[in-house]
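Text of the file coords_1.txt, holding compact mmCIF, C-alpha atoms:
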```txt
# COMPACT_ATOMS: atom_id res chain seq x y z
CA MET A 1 55.86 57.29 225.99
CA GLU A 2 57.50 57.94 222.64
CA TYR A 3 55.86 58.79 219.32
CA SER A 4 57.19 58.59 215.79
CA ILE A 5 56.68 61.62 213.57
CA ARG A 6 53.84 59.78 211.81
CA GLU A 7 52.13 58.95 215.11
CA LEU A 8 52.47 62.52 216.38
CA ALA A 9 51.07 63.83 213.11
CA GLU A 10 48.03 61.57 213.42
CA LEU A 11 47.45 62.49 217.06
CA SER A 12 47.81 66.24 216.58
CA GLY A 13 46.21 66.65 213.17
CA VAL A 14 49.22 68.40 211.61
CA SER A 15 51.19 66.91 208.77
CA SER A 16 54.58 65.25 209.08
CA ARG A 17 55.84 67.89 206.68
CA THR A 18 54.78 70.62 209.15
CA LEU A 19 56.55 68.85 212.01
CA ARG A 20 59.71 68.59 209.93
CA TYR A 21 59.44 72.30 209.17
CA TYR A 22 59.03 73.10 212.87
CA ASP A 23 62.22 71.11 213.47
CA SER A 24 64.12 72.99 210.75
CA ILE A 25 63.30 76.40 212.23
CA GLY A 26 64.02 75.35 215.81
CA LEU A 27 60.40 75.58 216.93
CA LEU A 28 59.85 71.92 217.86
CA LYS A 29 62.86 69.62 217.94
CA PRO A 30 62.31 65.85 218.33
CA ALA A 31 63.42 64.17 221.55
CA ARG A 32 65.77 62.05 219.48
CA VAL A 33 66.64 61.05 215.92
CA ASN A 34 67.67 57.43 215.31
CA ASP A 35 70.52 56.20 213.15
CA VAL A 36 68.45 56.22 209.96
CA GLY A 37 67.07 59.72 210.53
CA TYR A 38 63.63 58.95 211.96
CA ARG A 39 62.34 61.55 214.44
CA PHE A 40 60.79 60.56 217.77
CA TYR A 41 58.89 62.77 220.21
CA GLY A 42 58.16 62.46 223.93
CA GLU A 43 55.79 63.99 226.47
CA LYS A 44 57.73 67.27 226.60
CA GLU A 45 57.42 67.73 222.83
CA MET A 46 53.68 66.94 222.98
CA ILE A 47 53.22 69.74 225.53
CA LEU A 48 55.28 72.17 223.44
CA LEU A 49 53.23 71.33 220.34
CA GLN A 50 50.04 72.04 222.27
CA GLN A 51 51.47 75.43 223.26
CA ILE A 52 52.31 76.15 219.63
CA PHE A 53 48.68 75.48 218.71
CA PHE A 54 47.42 77.77 221.48
CA TYR A 55 49.71 80.65 220.48
CA ARG A 56 48.93 80.22 216.78
CA GLU A 57 45.22 80.41 217.60
CA ARG A 58 45.90 83.71 219.40
CA GLY A 59 47.59 85.17 216.31
CA PHE A 60 51.29 84.87 217.20
CA SER A 61 53.80 84.23 214.40
CA LEU A 62 55.98 81.12 214.49
CA GLU A 63 59.05 83.22 215.27
CA GLU A 64 57.26 84.94 218.17
CA ILE A 65 56.16 81.55 219.51
CA ARG A 66 59.71 80.20 219.31
CA GLN A 67 61.00 83.16 221.29
CA ILE A 68 58.30 82.72 223.95
CA LEU A 69 58.67 78.97 224.40
CA TYR A 70 62.45 78.95 224.64
CA GLN A 71 63.02 81.92 226.90
CA LYS A 72 64.71 80.95 230.15
CA ASP A 73 61.83 82.03 232.38
CA PHE A 74 59.00 80.47 230.34
CA ASP A 75 56.26 79.42 232.78
CA LEU A 76 53.97 76.72 231.39
CA GLU A 77 51.28 77.11 234.05
CA LYS A 78 51.18 80.88 233.56
CA ALA A 79 50.90 80.38 229.80
CA LEU A 80 47.97 78.00 230.26
CA TRP A 81 46.16 80.52 232.48
CA GLU A 82 46.70 83.17 229.79
CA HIS A 83 45.24 80.83 227.14
CA LEU A 84 42.25 80.11 229.40
CA GLN A 85 41.65 83.82 229.96
CA GLU A 86 41.79 84.41 226.22
CA LEU A 87 39.31 81.61 225.52
CA GLU A 88 36.92 82.80 228.21
CA THR A 89 37.04 86.31 226.75
CA ARG A 90 36.23 84.94 223.32
CA GLN A 91 33.37 82.92 224.82
CA LYS A 92 31.87 86.09 226.29
CA GLU A 93 32.35 87.92 223.00
CA THR A 94 30.60 85.14 221.11
CA ALA A 95 27.70 85.15 223.58
CA ASN A 96 27.32 88.91 223.17
CA MET A 97 27.41 88.65 219.39
CA ILE A 98 24.81 85.85 219.41
CA LYS A 99 22.55 88.04 221.56
CA ASN A 100 23.08 90.97 219.19
CA VAL A 101 22.28 88.89 216.09
CA LYS A 102 19.13 87.48 217.70
CA CYS A 103 17.95 90.99 218.58
CA THR A 104 18.65 92.16 215.03
CA ILE A 105 16.64 89.26 213.56
CA ALA A 106 13.75 90.00 215.92
CA SER A 107 13.91 93.66 214.92
CA MET A 108 13.82 92.80 211.20
CA LYS A 109 10.75 90.59 211.80
CA GLY A 110 9.01 93.41 213.60
CA GLU A 111 8.94 91.53 216.89
CA ARG A 112 10.80 94.30 218.74
CA GLU A 113 12.47 97.64 218.19
CA MET A 114 16.24 97.90 218.30
CA SER A 115 17.90 101.17 219.25
CA GLU A 116 21.06 102.48 217.63
CA LYS A 117 22.91 101.84 220.88
CA GLU A 118 21.77 98.21 221.04
CA ARG A 119 22.71 97.57 217.42
CA PHE A 120 26.40 98.20 218.10
CA GLU A 121 26.45 97.19 221.75
CA GLY A 122 28.00 93.79 221.06
CA PHE A 123 30.82 95.18 218.96
CA LYS A 124 31.73 97.83 221.52
CA GLN A 125 31.47 95.37 224.40
CA ARG A 126 33.86 93.05 222.56
CA ILE A 127 36.48 95.80 222.36
CA VAL A 128 36.07 96.66 226.03
CA GLU A 129 36.43 93.03 227.11
CA GLU A 130 39.45 92.47 224.87
CA ASN A 131 41.18 95.54 226.28
CA GLU A 132 40.38 94.53 229.84
CA ALA A 133 41.64 90.98 229.34
CA VAL A 134 44.91 91.93 227.66
CA TYR A 135 45.79 95.36 229.06
CA GLY A 136 43.34 96.08 231.89
CA LYS A 137 45.49 95.04 234.84
CA GLU A 138 48.51 96.96 233.60
CA VAL A 139 46.55 100.12 232.73
CA ARG A 140 44.71 100.11 236.07
CA GLU A 141 47.97 99.72 237.99
CA LYS A 142 49.70 102.46 236.00
CA TYR A 143 46.90 105.01 235.51
CA GLY A 144 44.25 103.98 238.06
CA ASP A 145 40.76 102.46 237.89
CA ALA A 146 39.08 105.81 237.15
CA GLU A 147 41.05 106.24 233.92
CA MET A 148 40.25 102.75 232.62
CA ASP A 149 36.59 102.92 233.66
CA ALA A 150 36.21 106.32 231.97
CA ALA A 151 37.70 104.95 228.75
CA ASN A 152 35.30 102.00 228.82
CA ARG A 153 32.32 104.32 229.37
CA LYS A 154 33.33 106.59 226.49
CA LEU A 155 33.53 103.61 224.19
CA MET A 156 30.20 102.12 225.29
CA ASN A 157 28.46 105.50 224.90
CA MET A 158 29.63 106.02 221.32
CA THR A 159 26.98 106.65 218.70
CA GLU A 160 26.92 104.64 215.50
CA ALA A 161 28.82 107.44 213.73
CA ASP A 162 31.39 107.66 216.54
CA TYR A 163 31.96 103.94 216.53
CA GLU A 164 32.37 103.87 212.75
CA ARG A 165 34.91 106.72 212.97
CA PHE A 166 36.75 104.89 215.77
CA GLU A 167 37.08 101.71 213.72
CA ASN A 168 38.03 103.59 210.53
CA LEU A 169 40.75 105.51 212.37
CA LYS A 170 42.26 102.29 213.67
CA GLU A 171 42.32 100.76 210.19
CA GLU A 172 43.75 103.92 208.62
CA VAL A 173 46.55 104.10 211.19
CA GLU A 174 47.49 100.48 210.51
CA GLN A 175 47.38 100.93 206.73
CA ILE A 176 49.55 104.05 206.77
CA LEU A 177 52.06 102.39 209.09
CA GLN A 178 52.38 99.38 206.83
CA LYS A 179 52.78 101.51 203.68
CA ALA A 180 55.31 103.76 205.37
CA VAL A 181 57.48 100.91 206.63
CA LEU A 182 57.36 99.00 203.34
CA ALA A 183 58.28 102.15 201.44
CA GLY A 184 61.14 102.93 203.83
CA GLU A 185 59.65 106.29 204.81
CA ASP A 186 61.17 108.48 207.51
CA PRO A 187 59.01 108.75 210.68
CA GLN A 188 59.92 112.46 210.70
CA GLY A 189 58.40 112.87 207.23
CA GLU A 190 54.86 113.63 206.07
CA MET A 191 53.55 110.08 206.52
CA GLY A 192 54.85 110.12 210.07
CA ARG A 193 53.06 113.39 210.78
CA ARG A 194 49.85 112.07 209.25
CA VAL A 195 49.83 108.86 211.27
CA VAL A 196 50.45 110.78 214.51
CA LEU A 197 47.43 113.03 213.86
CA LEU A 198 45.20 110.02 213.22
CA HIS A 199 46.53 108.09 216.19
CA LYS A 200 46.04 111.11 218.44
CA GLU A 201 42.41 111.42 217.34
CA TRP A 202 41.86 107.67 217.85
CA LEU A 203 43.25 107.76 221.39
CA GLY A 204 41.20 110.83 222.23
CA MET A 205 37.98 108.99 221.42
CA THR A 206 38.40 106.76 224.49
CA TRP A 207 40.85 108.52 226.78
CA LYS A 208 39.46 110.49 229.70
CA GLN A 209 41.97 113.23 228.92
CA TYR A 210 44.60 113.32 226.17
CA THR A 211 48.11 114.55 226.99
CA GLU A 212 51.25 114.57 224.90
CA ASN A 213 53.25 112.82 227.64
CA ALA A 214 50.67 110.03 227.88
CA HIS A 215 50.79 109.65 224.08
CA LYS A 216 54.58 109.30 224.23
CA GLY A 217 54.30 106.75 227.01
CA VAL A 218 51.79 104.63 225.12
CA VAL A 219 53.87 104.37 221.95
CA GLN A 220 56.94 103.50 223.99
CA MET A 221 54.90 100.63 225.43
CA TYR A 222 53.93 99.55 221.90
CA VAL A 223 57.59 98.68 221.31
CA LEU A 224 58.58 97.42 224.77
CA ASP A 225 55.50 95.27 225.43
CA GLU A 226 55.44 92.17 223.20
CA ARG A 227 51.62 92.09 223.16
CA PHE A 228 51.38 95.55 221.62
CA LYS A 229 54.36 94.97 219.35
CA ALA A 230 52.85 91.72 218.07
CA TYR A 231 49.61 93.54 217.24
CA TYR A 232 51.19 96.41 215.29
CA ASP A 233 53.83 94.22 213.62
CA LYS A 234 51.51 91.33 212.77
CA GLU A 235 51.52 92.14 209.05
CA VAL A 236 54.68 94.22 208.62
CA GLU A 237 57.63 94.19 211.02
CA GLY A 238 58.64 97.66 212.21
CA CYS A 239 55.23 99.36 212.41
CA ALA A 240 55.32 99.72 216.19
CA ALA A 241 58.78 101.31 216.06
CA PHE A 242 57.75 103.66 213.23
CA LEU A 243 54.73 104.86 215.21
CA ARG A 244 56.82 105.41 218.33
CA ASP A 245 59.47 107.38 216.45
CA ALA A 246 56.86 109.44 214.62
CA VAL A 247 55.01 110.34 217.84
CA LEU A 248 58.20 111.24 219.69
CA HIS A 249 59.17 113.60 216.84
CA TRP A 250 55.81 115.13 215.91
CA VAL A 251 53.52 115.15 218.93
CA GLU A 252 54.83 118.41 220.42
CA LYS A 253 54.89 120.13 217.01
CA MET A 254 51.13 119.83 216.48
```

Could you show the structure in this file as structure tokens?
Amino acid sequence: MEYSIRELAELSGVSSRTLRYYDSIGLLKPARVNDVGYRFYGEKEMILLQQIFFYRERGFSLEEIRQILYQKDFDLEKALWEHLQELETRQKETANMIKNVKCTIASMKGEREMSEKERFEGFKQRIVEENEAVYGKEVREKYGDAEMDAANRKLMNMTEADYERFENLKEEVEQILQKAVLAGEDPQGEMGRRVVLLHKEWLGMTWKQYTENAHKGVVQMYVLDERFKAYYDKEVEGCAAFLRDAVLHWVEKM
């Protein structure tokens, strides 16, 4: 079956203008364009558009999506399983947050007491489940189940103050990286040293045992693994590379 650009826009909920933009950047080309310039789309383009929606929902940029969809070994079924896993993880996170909010309301009404641990349980569980879904298999294969399980336990056993410090460290690392890259700073300079200290402390809050070699390995993965790179470069391109270069220079000097 074939759809005009107007029909595809109505079916998908995106504007014709957006579809024309996707065409211009090579993200979604029409199946054909007739003699008067009208675009027409087929089943293949419908599937690709669905994939674009899925990846956008997961936080990928349009350029990242284009690179994924048009790589030679792109596997549609594998991509769908990844989307399903992501959605199921979010479903669990939402259920945990609903439970946490209900407990908080009951506590405020005096119907039950809520411990410090319970109050932040949902937030910590969300982080654990996200890490397991995205990186768990790889970490367990590379470092073993004991390492991953220990990291999860350390996170779940954090006090309110620990958890707040953990989150603040993550935000501070990201902010410094973005400022440093935008300002054209040298990773071997003071901002590089500062971000390495903060990143080291952040890793140490969940790692079973911190080592300089493991730190180097992790930041190398930040650049080589598209999932990590997409996270660190989501706002400013080059943050993952800056962190890697800073760690490789500074970590043994601290």

Suppose you want the space between atom CA of A:Val251 and atom CA of A:Glu212; what is it in Å? 6.4 Å

Sel. within 9 Å of pt (48.8, 112.0, 222.6), counting all atoms listed in the file, output as a list in words: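 Those within range, by chain then number, are Val196, Leu197, His199, Lys200, Glu201, Leu203, Gly204, Tyr210, Thr211, Glu212, Asn213, Ala214, His215, Lys216, Gly217, Val218, Val247 and Val251 of chain A.
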
Have a look at atom CA of A:Asn157 and atom CA of A:Ile127 and let me know their distance in Å, one decimal.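 Atom-to-atom, atom CA of A:Asn157 and atom CA of A:Ile127 are spaced 12.8 Å apart.
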
For a test of reading the model, state the distance in Å between atom CA of A:Lys137 and atom CA of A:Tyr231, rounded to one decimal. 18.1 Å

Quick one: residues within 6 Å of stretch 38-44 of chain A, all atoms listed in the file, excluding same-chain residues fewer than 6 positions away - as a ChimeraX atom specification? /A:2-5,30-32

All residues 9 Å or closer to A:Phe166, all atoms listed in the file, same chain fewer than 3 positions away omitted, as a list of chain:residue names: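 What passes the distance filter is A:Ala161, A:Asp162, A:Tyr163, A:Leu169, A:Lys170, A:Glu171, A:Glu201, A:Trp202, A:Met205.
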
Point out the residue among A:Gly189, A:Glu88, A:Leu243, A:Glu10 with the least atom-to-atom distance to A:Val173, counting only C-alpha atoms.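 Nearest to A:Val173: A:Leu243.
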
Counting only C-alpha atoms, what is within 10 Å of stretch 225-228 of chain A, bar same-chain residues fewer than 3 positions away, as a ChimeraX atom specification? /A:60,64,68,134-135,218-222,231-234,240

For A:Gly136, the closest of A:Met46, A:Leu84, A:Met148, A:Leu224 counting only C-alpha atoms is A:Met148

Tell me, as number ranges by chain, which residues lie within 7 Å of stretch 15-20 of chain A, counting all atoms listed in the file; anything in the same chain fewer than 4 positions away does not count. A: 5-6, 9, 24

Could you dump the residues just selected with C-alpha atoms as an mmCIF file, in the frame of the given file?
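Contents of the output file result-v3.cif:
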```cif
data_model
loop_
_atom_site.group_PDB
_atom_site.id
_atom_site.type_symbol
_atom_site.label_atom_id
_atom_site.label_comp_id
_atom_site.auth_asym_id
_atom_site.auth_seq_id
_atom_site.Cartn_x
_atom_site.Cartn_y
_atom_site.Cartn_z
ATOM 1 C CA ILE A 5 56.680 61.620 213.570
ATOM 2 C CA ARG A 6 53.840 59.780 211.810
ATOM 3 C CA ALA A 9 51.070 63.830 213.110
ATOM 4 C CA SER A 24 64.120 72.990 210.750
#
```

Could stretch 19-69 of chain A be written out with C-alpha atoms, as a PDB file, in the first residue's frame, please?
```pdb
ATOM      1  CA  LEU A  19       8.269  14.510   7.101  1.00  0.00           C
ATOM      2  CA  ARG A  20       9.758  16.871   4.526  1.00  0.00           C
ATOM      3  CA  TYR A  21      12.475  17.773   7.025  1.00  0.00           C
ATOM      4  CA  TYR A  22      13.217  14.096   7.654  1.00  0.00           C
ATOM      5  CA  ASP A  23      13.598  13.705   3.890  1.00  0.00           C
ATOM      6  CA  SER A  24      15.974  16.681   3.646  1.00  0.00           C
ATOM      7  CA  ILE A  25      18.341  15.288   6.293  1.00  0.00           C
ATOM      8  CA  GLY A  26      18.275  11.750   4.909  1.00  0.00           C
ATOM      9  CA  LEU A  27      16.399  10.301   7.870  1.00  0.00           C
ATOM     10  CA  LEU A  28      13.248   9.149   6.051  1.00  0.00           C
ATOM     11  CA  LYS A  29      13.231   9.247   2.267  1.00  0.00           C
ATOM     12  CA  PRO A  30       9.938   8.638   0.411  1.00  0.00           C
ATOM     13  CA  ALA A  31       9.568   5.463  -1.643  1.00  0.00           C
ATOM     14  CA  ARG A  32       9.096   7.639  -4.697  1.00  0.00           C
ATOM     15  CA  VAL A  33       8.484  11.214  -5.819  1.00  0.00           C
ATOM     16  CA  ASN A  34       6.164  11.750  -8.805  1.00  0.00           C
ATOM     17  CA  ASP A  35       6.686  14.114 -11.714  1.00  0.00           C
ATOM     18  CA  VAL A  36       5.160  17.085  -9.894  1.00  0.00           C
ATOM     19  CA  GLY A  37       7.168  16.559  -6.717  1.00  0.00           C
ATOM     20  CA  TYR A  38       4.637  14.770  -4.508  1.00  0.00           C
ATOM     21  CA  ARG A  39       6.168  12.304  -2.027  1.00  0.00           C
ATOM     22  CA  PHE A  40       4.765   8.794  -1.554  1.00  0.00           C
ATOM     23  CA  TYR A  41       5.619   6.291   1.178  1.00  0.00           C
ATOM     24  CA  GLY A  42       5.284   2.509   1.391  1.00  0.00           C
ATOM     25  CA  GLU A  43       5.328  -0.170   4.082  1.00  0.00           C
ATOM     26  CA  LYS A  44       9.117   0.038   4.512  1.00  0.00           C
ATOM     27  CA  GLU A  45       8.935   3.785   5.221  1.00  0.00           C
ATOM     28  CA  MET A  46       6.082   3.235   7.704  1.00  0.00           C
ATOM     29  CA  ILE A  47       8.274   0.787   9.643  1.00  0.00           C
ATOM     30  CA  LEU A  48      11.237   3.180   9.573  1.00  0.00           C
ATOM     31  CA  LEU A  49       9.050   6.026  10.840  1.00  0.00           C
ATOM     32  CA  GLN A  50       7.891   3.834  13.720  1.00  0.00           C
ATOM     33  CA  GLN A  51      11.530   3.146  14.581  1.00  0.00           C
ATOM     34  CA  ILE A  52      12.261   6.873  14.521  1.00  0.00           C
ATOM     35  CA  PHE A  53       9.471   7.412  17.055  1.00  0.00           C
ATOM     36  CA  PHE A  54      10.805   4.649  19.301  1.00  0.00           C
ATOM     37  CA  TYR A  55      14.367   5.987  19.274  1.00  0.00           C
ATOM     38  CA  ARG A  56      13.208   9.576  19.802  1.00  0.00           C
ATOM     39  CA  GLU A  57      11.215   8.416  22.835  1.00  0.00           C
ATOM     40  CA  ARG A  58      14.413   6.844  24.200  1.00  0.00           C
ATOM     41  CA  GLY A  59      16.296  10.147  23.887  1.00  0.00           C
ATOM     42  CA  PHE A  60      18.355   9.606  20.721  1.00  0.00           C
ATOM     43  CA  SER A  61      19.086  12.593  18.472  1.00  0.00           C
ATOM     44  CA  LEU A  62      17.931  12.573  14.854  1.00  0.00           C
ATOM     45  CA  GLU A  63      21.514  12.181  13.644  1.00  0.00           C
ATOM     46  CA  GLU A  64      22.081   9.214  15.971  1.00  0.00           C
ATOM     47  CA  ILE A  65      18.855   7.614  14.734  1.00  0.00           C
ATOM     48  CA  ARG A  66      19.885   8.088  11.104  1.00  0.00           C
ATOM     49  CA  GLN A  67      23.205   6.381  11.770  1.00  0.00           C
ATOM     50  CA  ILE A  68      21.488   3.456  13.522  1.00  0.00           C
ATOM     51  CA  LEU A  69      18.767   2.874  10.940  1.00  0.00           C
TER      52      LEU A  69
END
```
